[in-house]
file start-v1.txt (compact mmCIF, C-alpha atoms (C1' of nucleotides))
# COMPACT_ATOMS: atom_id res chain seq x y z
CA MET A 974 -1.40 39.85 17.37
CA ALA A 975 -2.75 36.46 18.39
CA ILE A 976 -0.07 33.96 19.24
CA THR A 977 -1.36 31.40 16.77
CA THR A 978 -1.05 33.97 14.02
CA ARG A 979 2.45 34.88 15.08
CA LEU A 980 3.36 31.21 15.12
CA LEU A 981 1.94 30.73 11.64
CA GLU A 982 3.77 33.75 10.30
CA ALA A 983 7.07 32.63 11.76
CA ALA A 984 6.52 29.13 10.46
CA GLU A 985 5.57 30.30 6.99
CA LYS A 986 8.63 32.49 6.75
CA ARG A 987 10.90 29.61 7.63
CA MET A 988 9.08 26.98 5.60
CA ARG A 989 9.02 29.09 2.47
CA ARG A 990 12.78 29.29 2.62
CA GLY A 991 13.97 25.86 3.66
CA GLY A 992 10.97 23.57 3.34
CA TYR A 993 8.97 21.46 5.76
CA ASN A 994 11.94 20.06 7.62
CA ALA A 995 13.52 23.48 8.02
CA VAL A 996 10.92 24.36 10.65
CA SER A 997 11.19 23.07 14.20
CA PHE A 998 9.00 23.67 17.22
CA ARG A 999 11.99 25.19 18.99
CA ASP A 1000 12.56 27.62 16.14
CA LEU A 1001 9.00 28.81 16.41
CA ALA A 1002 9.30 29.00 20.17
CA SER A 1003 12.28 31.30 20.03
CA ASP A 1004 10.72 33.29 17.20
CA THR A 1005 7.68 34.06 19.33
CA GLY A 1006 9.14 34.05 22.82
CA ILE A 1007 7.27 31.05 24.18
CA LYS A 1008 8.42 27.53 24.96
CA SER A 1009 8.34 24.71 22.44
CA SER A 1010 5.87 22.76 24.55
CA SER A 1011 3.54 25.75 24.32
CA VAL A 1012 3.80 25.62 20.56
CA HIS A 1013 2.52 22.06 20.80
CA TYR A 1014 -0.46 23.41 22.71
CA HIS A 1015 -1.50 25.37 19.62
CA PHE A 1016 -0.43 22.78 17.05
CA PRO A 1017 -0.29 19.34 18.70
CA LYS A 1018 1.50 17.67 15.79
CA LYS A 1019 3.74 19.18 13.19
CA GLU A 1020 1.34 17.91 10.60
CA ASP A 1021 -1.36 20.13 12.14
CA LEU A 1022 0.90 23.12 11.75
CA GLY A 1023 1.63 22.21 8.16
CA VAL A 1024 -2.03 21.82 7.28
CA ALA A 1025 -2.89 25.14 8.93
CA LEU A 1026 -0.10 26.83 7.02
CA VAL A 1027 -1.26 25.56 3.66
CA GLU A 1028 -4.86 26.50 4.42
CA ARG A 1029 -3.92 29.99 5.53
CA TYR A 1030 -1.63 30.49 2.56
CA SER A 1031 -4.23 29.31 0.06
CA GLU A 1032 -6.89 31.54 1.54
CA ARG A 1033 -4.65 34.58 1.51
CA PHE A 1034 -3.50 33.81 -1.99
CA PHE A 1035 -6.96 33.57 -3.50
CA ASP A 1036 -8.14 36.60 -1.57
CA ALA A 1037 -5.27 38.61 -3.00
CA LEU A 1038 -6.06 37.21 -6.42
CA GLU A 1039 -9.71 38.26 -6.26
CA GLU A 1040 -8.67 41.67 -5.05
CA ALA A 1041 -6.06 42.12 -7.76
CA ALA A 1042 -8.39 40.92 -10.51
CA SER A 1043 -11.50 42.71 -9.26
CA SER A 1044 -11.28 45.48 -11.81
CA ALA A 1045 -9.88 43.29 -14.59
CA ARG A 1046 -12.15 43.10 -17.60
CA THR A 1047 -10.07 41.34 -20.23
CA PRO A 1048 -8.20 38.01 -20.12
CA LYS A 1049 -4.99 39.98 -20.41
CA ASP A 1050 -5.87 42.06 -17.36
CA ARG A 1051 -6.75 38.95 -15.40
CA LEU A 1052 -3.50 37.19 -16.24
CA ASP A 1053 -1.58 40.35 -15.41
CA ALA A 1054 -3.32 40.39 -12.03
CA LEU A 1055 -2.28 36.79 -11.47
CA VAL A 1056 1.30 37.65 -12.31
CA ARG A 1057 1.22 40.59 -9.91
CA VAL A 1058 0.05 38.37 -7.07
CA TYR A 1059 2.75 35.82 -7.75
CA ARG A 1060 5.30 38.58 -8.09
CA SER A 1061 4.47 40.20 -4.79
CA ALA A 1062 4.68 36.81 -3.08
CA LEU A 1063 8.18 36.49 -4.49
CA VAL A 1064 9.44 40.03 -4.02
CA GLU A 1065 7.72 41.23 -0.86
CA ASP A 1066 8.07 37.99 1.07
CA GLU A 1067 11.46 37.29 -0.48
CA ALA A 1068 10.45 33.66 -0.85
CA ILE A 1069 8.80 31.31 -3.28
CA CYS A 1070 5.25 30.03 -3.02
CA LEU A 1071 4.66 27.85 0.04
CA CYS A 1072 2.72 25.33 -2.03
CA GLY A 1073 5.34 25.37 -4.75
CA LEU A 1074 8.03 24.45 -2.28
CA LEU A 1075 5.93 21.85 -0.51
CA GLY A 1076 4.82 20.53 -3.86
CA ALA A 1077 8.44 19.81 -4.66
CA GLU A 1078 8.86 17.84 -1.42
CA VAL A 1079 5.43 16.29 -1.54
CA ALA A 1080 6.71 12.71 -1.58
CA GLY A 1081 8.12 13.19 1.90
CA LEU A 1082 5.15 14.94 3.47
CA PRO A 1083 2.23 13.62 5.54
CA TYR A 1084 -0.80 12.84 3.45
CA PRO A 1085 -3.14 15.63 4.67
CA LEU A 1086 -0.60 18.19 3.57
CA SER A 1087 -0.33 16.78 0.09
CA GLN A 1088 -4.08 17.06 -0.19
CA GLY A 1089 -3.99 20.76 0.63
CA ILE A 1090 -1.27 21.33 -1.94
CA GLN A 1091 -3.26 19.42 -4.52
CA THR A 1092 -6.29 21.60 -3.86
CA PHE A 1093 -4.20 24.72 -4.20
CA PHE A 1094 -2.96 23.77 -7.64
CA THR A 1095 -6.22 22.52 -9.06
CA ALA A 1096 -7.92 25.73 -7.90
CA ASN A 1097 -5.09 27.75 -9.35
CA ILE A 1098 -5.37 26.09 -12.74
CA GLU A 1099 -9.14 26.45 -12.71
CA TRP A 1100 -8.83 30.14 -12.02
CA VAL A 1101 -6.60 30.66 -15.04
CA GLU A 1102 -8.85 28.47 -17.14
CA ASP A 1103 -11.77 30.77 -16.33
CA ALA A 1104 -9.66 33.84 -16.96
CA LEU A 1105 -8.81 32.79 -20.51
CA PRO A 1106 -11.02 33.90 -23.40
CA ASP A 1107 -13.83 31.43 -24.04
CA THR A 1108 -13.08 31.60 -27.72
CA ILE A 1109 -10.54 28.93 -26.84
CA LYS A 1110 -11.95 25.43 -26.33
CA LYS A 1111 -12.15 24.28 -22.74
CA ALA A 1112 -9.67 21.42 -23.17
CA GLU A 1113 -7.17 23.80 -24.69
CA ARG A 1114 -7.80 26.40 -21.99
CA ASN A 1115 -6.99 23.77 -19.38
CA LYS A 1116 -3.64 23.01 -20.96
CA ILE A 1117 -2.70 26.64 -21.30
CA ALA A 1118 -3.75 27.25 -17.71
CA GLY A 1119 -1.51 24.42 -16.56
CA MET A 1120 1.34 25.92 -18.54
CA VAL A 1121 0.82 29.34 -16.99
CA ILE A 1122 0.83 28.05 -13.42
CA ALA A 1123 3.76 25.74 -14.07
CA GLY A 1124 5.63 28.61 -15.67
CA LEU A 1125 4.97 30.96 -12.78
CA GLN A 1126 5.96 28.37 -10.19
CA GLY A 1127 9.07 27.48 -12.13
CA ALA A 1128 9.90 31.14 -12.64
CA MET A 1129 9.73 31.76 -8.90
CA MET A 1130 12.03 28.86 -8.21
CA ILE A 1131 14.54 29.85 -10.86
CA ALA A 1132 14.48 33.51 -9.87
CA THR A 1133 15.25 32.49 -6.29
CA SER A 1134 17.98 30.08 -7.36
CA LEU A 1135 19.64 32.69 -9.53
CA ALA A 1136 18.94 35.48 -7.03
CA ASP A 1137 17.52 37.49 -9.90
CA THR A 1138 14.04 38.93 -9.72
CA ASP A 1139 14.21 40.26 -13.27
CA ILE A 1140 14.13 36.80 -14.71
CA PHE A 1141 10.76 36.26 -13.08
CA ASP A 1142 9.42 39.33 -14.82
CA ASP A 1143 10.88 38.27 -18.15
CA ILE A 1144 9.47 34.77 -17.95
CA SER A 1145 6.04 35.77 -16.71
CA ALA A 1146 5.68 38.51 -19.32
CA THR A 1147 6.77 36.15 -22.07
CA MET A 1148 4.34 33.54 -20.93
CA VAL A 1149 1.36 35.83 -20.75
CA LYS A 1150 2.21 36.99 -24.23
CA GLN A 1151 2.33 33.42 -25.51
CA ALA A 1152 -0.83 32.40 -23.70
CA LEU A 1153 -2.75 35.25 -25.32
CA PRO A 1154 -1.30 35.51 -28.82
CA GLY A 1155 -3.99 37.89 -30.05
CA ASP A 1156 -3.36 40.69 -27.58
CA MET B 72 29.17 -1.07 -8.37
CA ALA B 73 31.52 1.24 -6.50
CA ILE B 74 30.34 2.13 -3.04
CA THR B 75 30.52 5.87 -3.71
CA THR B 76 28.25 5.41 -6.69
CA ARG B 77 25.82 3.35 -4.67
CA LEU B 78 25.83 6.03 -1.99
CA LEU B 79 25.17 8.74 -4.54
CA GLU B 80 22.33 6.78 -6.10
CA ALA B 81 20.70 6.13 -2.76
CA ALA B 82 21.13 9.75 -1.76
CA GLU B 83 19.75 11.05 -5.03
CA LYS B 84 16.70 8.86 -4.77
CA ARG B 85 15.93 10.15 -1.30
CA MET B 86 16.81 13.77 -1.97
CA ARG B 87 14.72 13.95 -5.12
CA ARG B 88 11.72 12.96 -3.05
CA GLY B 89 12.02 14.81 0.23
CA GLY B 90 14.74 17.38 -0.30
CA TYR B 91 18.11 18.02 1.28
CA ASN B 92 17.01 17.46 4.86
CA ALA B 93 15.27 14.22 3.97
CA VAL B 94 18.63 12.49 3.56
CA SER B 95 20.64 11.35 6.55
CA PHE B 96 23.95 9.53 6.80
CA ARG B 97 22.18 6.73 8.62
CA ASP B 98 19.65 6.38 5.80
CA LEU B 99 22.44 6.00 3.29
CA ALA B 100 24.26 3.58 5.57
CA SER B 101 21.27 1.26 5.78
CA ASP B 102 20.58 1.67 2.07
CA THR B 103 24.05 0.45 1.17
CA GLY B 104 24.79 -1.91 4.06
CA ILE B 105 27.66 0.00 5.60
CA LYS B 106 27.90 2.09 8.77
CA SER B 107 27.14 5.78 8.89
CA SER B 108 30.70 6.57 9.94
CA SER B 109 31.85 4.87 6.74
CA VAL B 110 29.58 7.13 4.75
CA HIS B 111 31.47 10.01 6.30
CA TYR B 112 34.67 8.45 5.00
CA HIS B 113 33.43 8.95 1.44
CA PHE B 114 31.67 12.26 2.05
CA PRO B 115 33.15 13.94 5.12
CA LYS B 116 30.45 16.60 5.37
CA LYS B 117 26.89 16.52 4.17
CA GLU B 118 27.68 19.51 2.04
CA ASP B 119 30.26 17.41 0.18
CA LEU B 120 27.60 14.84 -0.57
CA GLY B 121 25.23 17.52 -1.77
CA VAL B 122 27.78 19.08 -4.07
CA ALA B 123 28.72 15.68 -5.51
CA LEU B 124 25.07 14.91 -6.10
CA VAL B 125 24.41 18.12 -7.99
CA GLU B 126 27.55 17.65 -10.07
CA ARG B 127 26.68 14.10 -10.93
CA TYR B 128 23.11 14.96 -11.72
CA SER B 129 24.08 17.87 -13.97
CA GLU B 130 26.59 15.78 -15.85
CA ARG B 131 24.15 12.97 -16.40
CA PHE B 132 21.43 15.39 -17.41
CA PHE B 133 23.45 17.15 -20.08
CA ASP B 134 24.86 13.89 -21.35
CA ALA B 135 21.35 12.57 -21.78
CA LEU B 136 20.37 15.81 -23.44
CA GLU B 137 23.19 15.63 -25.97
CA GLU B 138 22.35 12.03 -26.67
CA ALA B 139 18.65 12.73 -27.10
CA ALA B 140 19.25 15.75 -29.32
CA SER B 141 22.10 14.24 -31.34
CA SER B 142 19.97 13.52 -34.35
CA ALA B 143 17.73 16.56 -33.96
CA ARG B 144 17.95 18.92 -36.90
CA THR B 145 15.16 21.42 -36.26
CA PRO B 146 14.38 23.59 -33.22
CA LYS B 147 11.21 21.55 -32.76
CA ASP B 148 13.21 18.32 -32.67
CA ARG B 149 15.64 19.81 -30.17
CA LEU B 150 12.90 21.01 -27.83
CA ASP B 151 11.17 17.65 -28.13
CA ALA B 152 14.42 16.02 -27.11
CA LEU B 153 14.62 18.30 -24.09
CA VAL B 154 11.08 17.40 -23.11
CA ARG B 155 11.89 13.70 -23.45
CA VAL B 156 14.85 14.04 -21.13
CA TYR B 157 12.80 15.87 -18.52
CA ARG B 158 9.99 13.40 -18.95
CA SER B 159 12.17 10.37 -18.40
CA ALA B 160 13.61 11.99 -15.28
CA LEU B 161 10.07 12.35 -13.99
CA VAL B 162 8.60 9.03 -15.09
CA GLU B 163 11.50 6.61 -14.88
CA ASP B 164 12.93 7.93 -11.65
CA GLU B 165 9.47 8.72 -10.27
CA ALA B 166 10.81 12.00 -8.94
CA ILE B 167 11.29 15.59 -9.92
CA CYS B 168 14.54 17.18 -10.99
CA LEU B 169 17.16 17.23 -8.22
CA CYS B 170 18.10 20.80 -9.04
CA GLY B 171 14.48 21.84 -9.24
CA LEU B 172 13.86 20.56 -5.76
CA LEU B 173 17.05 21.99 -4.33
CA GLY B 174 16.37 25.23 -6.16
CA ALA B 175 13.15 25.52 -4.21
CA GLU B 176 14.99 25.08 -0.91
CA VAL B 177 18.02 27.07 -1.97
CA ALA B 178 17.68 29.65 0.81
CA GLY B 179 18.37 26.95 3.39
CA LEU B 180 21.28 25.27 1.65
CA PRO B 181 25.05 25.67 2.03
CA TYR B 182 26.50 28.12 -0.44
CA PRO B 183 28.51 25.70 -2.62
CA LEU B 184 25.32 23.82 -3.37
CA SER B 185 23.47 26.90 -4.47
CA GLN B 186 26.30 27.60 -6.88
CA GLY B 187 25.92 24.19 -8.49
CA ILE B 188 22.19 24.71 -8.85
CA GLN B 189 22.76 28.11 -10.36
CA THR B 190 25.13 26.63 -12.92
CA PHE B 191 22.62 23.96 -13.79
CA PHE B 192 19.91 26.46 -14.60
CA THR B 193 22.03 28.92 -16.52
CA ALA B 194 23.39 26.07 -18.63
CA ASN B 195 19.89 24.76 -19.11
CA ILE B 196 18.58 28.09 -20.31
CA GLU B 197 21.57 28.55 -22.59
CA TRP B 198 20.95 25.18 -24.16
CA VAL B 199 17.37 26.09 -25.02
CA GLU B 200 18.47 29.48 -26.24
CA ASP B 201 20.82 27.80 -28.70
CA ALA B 202 18.16 25.34 -29.72
CA LEU B 203 15.71 28.05 -30.75
CA PRO B 204 15.69 29.30 -34.34
CA ASP B 205 18.11 32.18 -34.83
CA THR B 206 15.43 34.04 -36.70
CA ILE B 207 14.42 35.13 -33.22
CA LYS B 208 16.54 37.85 -31.65
CA LYS B 209 18.91 36.71 -28.93
CA ALA B 210 17.25 38.72 -26.16
CA GLU B 211 13.90 37.22 -27.08
CA ARG B 212 15.37 33.74 -27.33
CA ASN B 213 16.69 34.11 -23.81
CA LYS B 214 13.27 34.95 -22.45
CA ILE B 215 11.58 32.10 -24.26
CA ALA B 216 14.29 29.75 -23.06
CA GLY B 217 13.67 30.85 -19.48
CA MET B 218 9.99 30.24 -19.96
CA VAL B 219 10.57 26.76 -21.32
CA ILE B 220 12.79 25.68 -18.44
CA ALA B 221 10.54 27.30 -15.85
CA GLY B 222 7.56 25.59 -17.44
CA LEU B 223 9.21 22.18 -17.47
CA GLN B 224 10.37 22.51 -13.86
CA GLY B 225 6.95 23.71 -12.77
CA ALA B 226 5.27 20.98 -14.75
CA MET B 227 7.34 18.33 -12.98
CA MET B 228 6.45 19.76 -9.61
CA ILE B 229 2.76 20.01 -10.38
CA ALA B 230 2.62 16.56 -11.95
CA THR B 231 4.18 15.10 -8.81
CA SER B 232 1.88 17.08 -6.52
CA LEU B 233 -1.19 15.97 -8.40
CA ALA B 234 0.20 12.46 -8.94
CA ASP B 235 -0.66 12.83 -12.60
CA THR B 236 1.96 12.29 -15.26
CA ASP B 237 -0.39 13.28 -18.07
CA ILE B 238 -0.43 16.87 -16.95
CA PHE B 239 3.29 17.03 -17.52
CA ASP B 240 2.80 15.90 -21.10
CA ASP B 241 -0.01 18.38 -21.65
CA ILE B 242 1.96 21.29 -20.27
CA SER B 243 5.21 20.48 -22.01
CA ALA B 244 3.51 19.93 -25.36
CA THR B 245 1.58 23.16 -25.02
CA MET B 246 4.70 25.05 -24.13
CA VAL B 247 6.75 23.74 -27.03
CA LYS B 248 3.90 24.70 -29.32
CA GLN B 249 3.83 28.22 -27.89
CA ALA B 250 7.60 28.60 -27.99
CA LEU B 251 7.67 27.70 -31.68
CA PRO B 252 4.53 29.25 -33.11
CA GLY B 253 5.56 28.66 -36.70
CA ASP B 254 5.81 24.87 -36.55
C1' DA C 135 54.89 0.17 5.00
C1' DT C 136 51.31 2.83 3.63
C1' DT C 137 47.01 3.64 2.11
C1' DT C 138 42.22 2.38 1.65
C1' DG C 139 37.96 1.19 3.51
C1' DC C 140 35.34 -0.15 6.97
C1' DC C 141 34.41 -0.89 11.83
C1' DT C 142 32.93 0.21 17.04
C1' DA C 143 32.02 3.58 20.11
C1' DT C 144 30.86 7.92 21.26
C1' DC C 145 29.82 13.03 21.39
C1' DT C 146 26.87 17.00 21.34
C1' DA C 147 22.96 19.04 19.54
C1' DC C 148 18.50 18.85 18.06
C1' DT C 149 14.01 16.49 16.77
C1' DG C 150 8.89 15.88 17.79
C1' DA C 151 6.30 14.81 21.55
C1' DT C 152 4.31 14.15 26.34
C1' DA C 153 3.16 14.57 31.45
C1' DG C 154 2.03 17.32 34.89
C1' DA C 155 2.33 21.67 37.48
C1' DT C 156 1.32 26.57 37.37
C1' DT C 157 -0.65 30.80 36.17
C1' DA C 158 -3.95 33.79 33.91
C1' DT C 159 -8.34 34.63 32.19
C1' DT C 160 -13.14 34.20 31.87
C1' DA C 161 -17.92 32.93 33.27
C1' DC C 162 -21.31 32.45 36.55
C1' DG C 163 -24.01 31.98 40.64
C1' DA C 164 -24.70 33.83 45.40
C1' DT D 1405 -19.65 42.75 43.74
C1' DC D 1406 -17.27 38.83 45.34
C1' DG D 1407 -15.78 34.26 45.29
C1' DT D 1408 -15.33 30.23 42.85
C1' DA D 1409 -15.24 27.01 39.27
C1' DA D 1410 -13.81 26.18 34.76
C1' DT D 1411 -11.09 27.02 30.88
C1' DA D 1412 -7.10 28.60 28.37
C1' DA D 1413 -2.36 29.24 28.01
C1' DT D 1414 1.83 28.77 29.54
C1' DC D 1415 5.55 26.68 32.12
C1' DT D 1416 9.31 23.01 33.74
C1' DA D 1417 11.10 18.75 32.99
C1' DT D 1418 11.82 14.99 30.40
C1' DC D 1419 11.67 11.22 26.88
C1' DA D 1420 13.30 8.38 23.07
C1' DG D 1421 14.94 8.97 18.66
C1' DT D 1422 17.83 10.98 15.25
C1' DA D 1423 21.07 14.41 13.39
C1' DG D 1424 25.95 15.32 11.75
C1' DA D 1425 30.35 14.44 13.06
C1' DT D 1426 34.78 12.48 15.15
C1' DA D 1427 38.40 9.37 17.34
C1' DG D 1428 40.69 5.44 17.11
C1' DG D 1429 41.12 0.53 15.87
C1' DC D 1430 41.37 -3.37 12.54
C1' DA D 1431 42.02 -5.74 8.26
C1' DA D 1432 42.93 -6.04 3.48
C1' DA D 1433 44.93 -4.30 -0.53
C1' DT D 1434 48.74 -1.70 -2.81

call {"tool": "encode", "arguments": {"input": "start-v1.txt", "output": "structure tokens"}}
result
Amino acid sequence: MAITTRLLEAAEKRMRRGGYNAVSFRDLASDTGIKSSSVHYHFPKKEDLGVALVERYSERFFDALEEAASSARTPKDRLDALVRVYRSALVEDEAICLCGLLGAEVAGLPYPLSQGIQTFFTANIEWVEDALPDTIKKAERNKIAGMVIAGLQGAMMIATSLADTDIFDDISATMVKQALPGD
Amino acid sequence: MAITTRLLEAAEKRMRRGGYNAVSFRDLASDTGIKSSSVHYHFPKKEDLGVALVERYSERFFDALEEAASSARTPKDRLDALVRVYRSALVEDEAICLCGLLGAEVAGLPYPLSQGIQTFFTANIEWVEDALPDTIKKAERNKIAGMVIAGLQGAMMIATSLADTDIFDDISATMVKQALPGD
DNA sequence: ATTTGCCTATCTACTGATAGATTATTACGA
DNA sequence: TCGTAATAATCTATCAGTAGATAGGCAAAT
């Protein structure tokens, strides 16, 4: 695998556990077997690394979302697909969402990073908005979409805090049910 | 004001913005006008500071919650009180919940801290559970309570990320409506 | 006299970052 | 095909700054 990819993977793993400041160039160096100065060759400033991480994560996330929802026909199926993507991020990676974590620390992050996080969330909310039945007014859809994303992000965080994956399933299922009362 | 209190306030302000690693003994020293070694006198290890912060925050939070809900008679009133407490934490302190932020970074925190965070969330969920109408079965109440807390925590995070307080109000109002469909 | 609270001074470890040398790889013209 | 120039990727060595933490001293309060 390309060294930049290996660096990004190592960095994402660490950052999704401890946050932006929990990743150091020396950590990444020892993770990948190169020297910290060589890490700087690939990502001159830490900010560059952070931006690349958020970009890569967002891309992967929305790709997975398209994939998971490709055969979804109903709003319920689409929301279930969304939940599955969030769930696999939590369970398979044993970590919360990169943007969720960075979103929590956003006040202490370099500006370009906060922009990437912002984009991630607005796109996320838009996706849910479009997934909801258009029998609901757009303004209302937007609010429900915000609730769904907030709920999923919060559920990830709480599930990690309580070391209890089940609570994520309970919360996400409950929320989808509430968001689509008809089904 | 007592120096320990001033230290805790300064530390909370910083930690609720950038997370655990965004607070240093030297920061707190310059915030309060004493030397960093004197900060160690009050909180020998950083972990001690962290634990004290979570304890203090939890206490204050539940006090405010009792106060806000003291005259609440209906489930709707109680949930509205909860939302008000969360909202004032977000708006007045211009920061997200301390435990929400630390919960996101929990994998990188000393164990005693994670315990405090855990306690905060279980107590939080229990409070909502008790606030919900007992016409709903307990198991269901628990799931809705989890959803409400997850939604509020997520809403804080997203509102901060997007630098948009209104979205917190939209999400929280929508969620209370969904949690109490009858009202 | 003891405790409390703060000080100076210092330690080791780690942070992000840079300069400059060295090696490996690739591209290209003779 | 061979030699060479250029580029890419890594290295060693180092910097100034900051991290958490400790030892020991000094002064004021109890």

call {"tool": "closest_atom_pairs", "arguments": {"input": "start-v1.txt", "of": "chain D", "to": "chain A", "cutoff": "8 Å", "atoms": "only C-alpha atoms (C1' of nucleotides)", "output": "tab-separated table"}}
result
residue	atom	partner	partner_atom	distance
D:DA1413	C1'	A:Ser1011	CA	7.8
D:DT1414	C1'	A:Ser1011	CA	6.3
D:DC1415	C1'	A:Lys1008	CA	7.8

call {"tool": "residues_around", "arguments": {"input": "start-v1.txt", "residues": "D:DT1426", "least_positions_apart": "3", "cutoff": "12 Å", "atoms": "only C-alpha atoms (C1' of nucleotides)", "output": "ChimeraX atom specification"}}
result
/B:107-109,111-112,115-116 /C:143-146

call {"tool": "closest_atom_pairs", "arguments": {"input": "start-v1.txt", "of": "chain C", "to": "chain B", "cutoff": "10 Å", "atoms": "all atoms listed in the file", "output": "CSV"}}
result
residue,atom,partner,partner_atom,distance
C:DG139,C1',B:Ser109,CA,7.8
C:DC140,C1',B:Ser109,CA,6.1
C:DC141,C1',B:Lys106,CA,7.8
C:DT142,C1',B:Ser108,CA,9.8

call {"tool": "write_last_selection", "arguments": {"input": "start-v1.txt", "atoms": "C-alpha atoms (C1' of nucleotides)", "output": "mmCIF file, in the frame of the given file"}}
result
data_model
loop_
_atom_site.group_PDB
_atom_site.id
_atom_site.type_symbol
_atom_site.label_atom_id
_atom_site.label_comp_id
_atom_site.auth_asym_id
_atom_site.auth_seq_id
_atom_site.Cartn_x
_atom_site.Cartn_y
_atom_site.Cartn_z
ATOM 1 C "C1'" DG C 139 37.960 1.190 3.510
ATOM 2 C "C1'" DC C 140 35.340 -0.150 6.970
ATOM 3 C "C1'" DC C 141 34.410 -0.890 11.830
ATOM 4 C "C1'" DT C 142 32.930 0.210 17.040
#

call {"tool": "residues_around", "arguments": {"input": "start-v1.txt", "residues": "stretch 99-102 of chain B", "least_positions_apart": "6", "cutoff": "12 Å", "atoms": "all atoms listed in the file", "output": "PyMOL selection string"}}
result
(chain B and resi 74-86+93+108-114+117+120) or (chain C and resi 140)

call {"tool": "residues_around", "arguments": {"input": "start-v1.txt", "residues": "stretch 1071-1084 of chain A", "least_positions_apart": "3", "cutoff": "7 Å", "atoms": "only C-alpha atoms (C1' of nucleotides)", "output": "list in words"}}
result
Arg989, Gly992, Tyr993, Glu1020, Val1027, Ser1087, Gln1088, Ile1090 and Gln1126 of chain A; Arg88, Gly89, Gly90, Leu172, Ala175, Met228, Ile229 and Ser232 of chain B

call {"tool": "residues_around", "arguments": {"input": "start-v1.txt", "residues": "C:DG163", "least_positions_apart": "3", "cutoff": "12 Å", "atoms": "all atoms listed in the file", "output": "PDB file with C-alpha atoms (C1' of nucleotides), in the coordinates of the input"}}
result
ATOM      1  C1'  DC D1406     -17.270  38.830  45.340  1.00  0.00           C
ATOM      2  C1'  DG D1407     -15.780  34.260  45.290  1.00  0.00           C
ATOM      3  C1'  DT D1408     -15.330  30.230  42.850  1.00  0.00           C
ATOM      4  C1'  DA D1409     -15.240  27.010  39.270  1.00  0.00           C
TER       5       DA D1409
END

call {"tool": "closest_residue", "arguments": {"input": "start-v1.txt", "among": "A:Met1148, A:Ala1042, A:Leu1086, A:Leu1052", "to": "chain B", "atoms": "all atoms listed in the file"}}
result
A:Met1148

call {"tool": "atom_distance", "arguments": {"input": "start-v1.txt", "atom1": "atom CA of B:Asp235", "atom2": "atom CA of A:Cys1070"}}
result
20.6 Å

call {"tool": "atom_distance", "arguments": {"input": "start-v1.txt", "atom1": "atom CA of B:Ile196", "atom2": "atom CA of B:Gly217"}}
result
5.7 Å

call {"tool": "atom_distance", "arguments": {"input": "start-v1.txt", "atom1": "atom CA of B:Phe133", "atom2": "atom CA of B:Lys214"}}
result
20.6 Å

call {"tool": "residues_around", "arguments": {"input": "start-v1.txt", "residues": "B:Arg155", "least_positions_apart": "2", "cutoff": "12 Å", "atoms": "only C-alpha atoms (C1' of nucleotides)", "output": "count of residues only"}}
result
26

call {"tool": "closest_residue", "arguments": {"input": "start-v1.txt", "among": "A:Ser997, A:Asn1097, A:Thr1138, A:Thr1133", "to": "chain B", "atoms": "only C-alpha atoms"}}
result
A:Thr1133

call {"tool": "build_atoms", "arguments": {"input": "start-v1.txt", "residues": "stretch 91-101 of chain B", "atoms": "N, CA and C atoms", "output": "JSON list (two decimals), in the coordinates of the input"}}
result
[["chain", "number", "residue", "atom", "x", "y", "z"],
["B", 91, "TYR", "N", 16.79, 18.13, 0.66],
["B", 91, "TYR", "CA", 18.11, 18.02, 1.28],
["B", 91, "TYR", "C", 18.04, 17.42, 2.68],
["B", 92, "ASN", "N", 17.11, 17.91, 3.47],
["B", 92, "ASN", "CA", 17.01, 17.46, 4.86],
["B", 92, "ASN", "C", 16.37, 16.08, 5.01],
["B", 93, "ALA", "N", 15.90, 15.54, 3.90],
["B", 93, "ALA", "CA", 15.27, 14.22, 3.97],
["B", 93, "ALA", "C", 16.29, 13.11, 3.79],
["B", 94, "VAL", "N", 17.56, 13.48, 3.71],
["B", 94, "VAL", "CA", 18.63, 12.49, 3.56],
["B", 94, "VAL", "C", 19.52, 12.54, 4.79],
["B", 95, "SER", "N", 19.72, 11.40, 5.42],
["B", 95, "SER", "CA", 20.64, 11.35, 6.55],
["B", 95, "SER", "C", 21.73, 10.30, 6.27],
["B", 96, "PHE", "N", 22.85, 10.48, 6.96],
["B", 96, "PHE", "CA", 23.95, 9.53, 6.80],
["B", 96, "PHE", "C", 23.51, 8.12, 7.21],
["B", 97, "ARG", "N", 22.66, 8.05, 8.19],
["B", 97, "ARG", "CA", 22.18, 6.73, 8.62],
["B", 97, "ARG", "C", 21.28, 6.08, 7.57],
["B", 98, "ASP", "N", 20.46, 6.90, 6.91],
["B", 98, "ASP", "CA", 19.65, 6.38, 5.80],
["B", 98, "ASP", "C", 20.55, 5.73, 4.75],
["B", 99, "LEU", "N", 21.55, 6.48, 4.35],
["B", 99, "LEU", "CA", 22.44, 6.00, 3.29],
["B", 99, "LEU", "C", 23.20, 4.76, 3.74],
["B", 100, "ALA", "N", 23.57, 4.74, 5.03],
["B", 100, "ALA", "CA", 24.26, 3.58, 5.57],
["B", 100, "ALA", "C", 23.38, 2.34, 5.43],
["B", 101, "SER", "N", 22.13, 2.45, 5.85],
["B", 101, "SER", "CA", 21.27, 1.26, 5.78],
["B", 101, "SER", "C", 20.90, 0.93, 4.35]]
